[in-house]
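So the structure is just underneath, and the comments pick up after that.
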Amino acid sequence: MLYKEPVKPDKMALLFSYSCPFCHQEAFLYSPVEPVSIRCGGCQNTFSIAPVDKHTVQFIHTMLLNGRAASVPE
Ligand SMILES: [Zn+2]
């Protein structure tokens, strides 16, 4: 079965990249608003990340209507 209309996004997530201080491999986290420690997938070393501001993340979600406002206008 093929749905005729293109489906628009109804949710979104912000992906943040952190560069490992040991080997510089990138680690991607979805809006990390709490300070956490992560283990690098490349060198297996652990490092803590500075969180992102949850109000800033919420503002962007609100501004883009949780992704719906980012659709290309028809
Ligand atoms: Zn690493």
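Convention: chains lettered A, B, ... in structure tokens order; per-chain residue numbering from 1; ligands numbered from 1 as shown.
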Could I get the residues of chain A with an atom no further than 8 Å from an atom of ligand 1, each paired with its nearest atom pair and that distance in Å to one decimal, using only C-alpha atoms and all ligand atoms, sorted by chain and residue number, as a tab-separated table?
```
residue	atom	partner	partner_atom_place_in_ligand_line	distance
A:Ser19	CA	ligand 1	1 (Zn)	7.9
A:Cys20	CA	ligand 1	1 (Zn)	4.7
A:Pro21	CA	ligand 1	1 (Zn)	6.6
A:Phe22	CA	ligand 1	1 (Zn)	4.9
A:Cys23	CA	ligand 1	1 (Zn)	4.1
A:His24	CA	ligand 1	1 (Zn)	5.8
A:Gln25	CA	ligand 1	1 (Zn)	5.4
A:Arg39	CA	ligand 1	1 (Zn)	7.8
A:Cys40	CA	ligand 1	1 (Zn)	4.6
A:Gly41	CA	ligand 1	1 (Zn)	6.6
A:Gly42	CA	ligand 1	1 (Zn)	4.9
A:Cys43	CA	ligand 1	1 (Zn)	4.1
A:Gln44	CA	ligand 1	1 (Zn)	6.1
A:Asn45	CA	ligand 1	1 (Zn)	5.8
A:Thr46	CA	ligand 1	1 (Zn)	7.9
```
### Message
If we count only C-alpha atoms and set the cut-off at 9 Å, which residues sit around A:Asp53, ignoring sequence neighbours fewer than 4 positions away in its own chain? Please answer as a list of chain:residue names.
### Response
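Selected residues are A:Ser31, A:Pro32, A:Val33, A:Glu34, A:Val57, A:Gln58.
Closest approach to A:Lys8 among A:Ser48, A:Thr56, A:Asn66, A:Ser71: A:Ser71, based on only C-alpha atoms.
Secondary structure of chain A, strand (DSSP E) only (DSSP, backbone atoms): Leu15, Phe16, Ser17, Tyr18, Ser19, Glu26, Ala27, Phe28, Leu29, Tyr30, Ser37, Ile38, Arg39, Thr46, Phe47 and Ser48 of chain A.
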### Task
Could you pull out the residues in chain A that DSSP calls helix (DSSP H, G or I) from the backbone, as a VMD selection string?
chain A and resid 54 to 63 65 to 70
### Message
Report, in Å to a single decimal, how far apart atom CA of A:Leu64 and atom CA of A:Met12 are.
### Response
8.9 Å
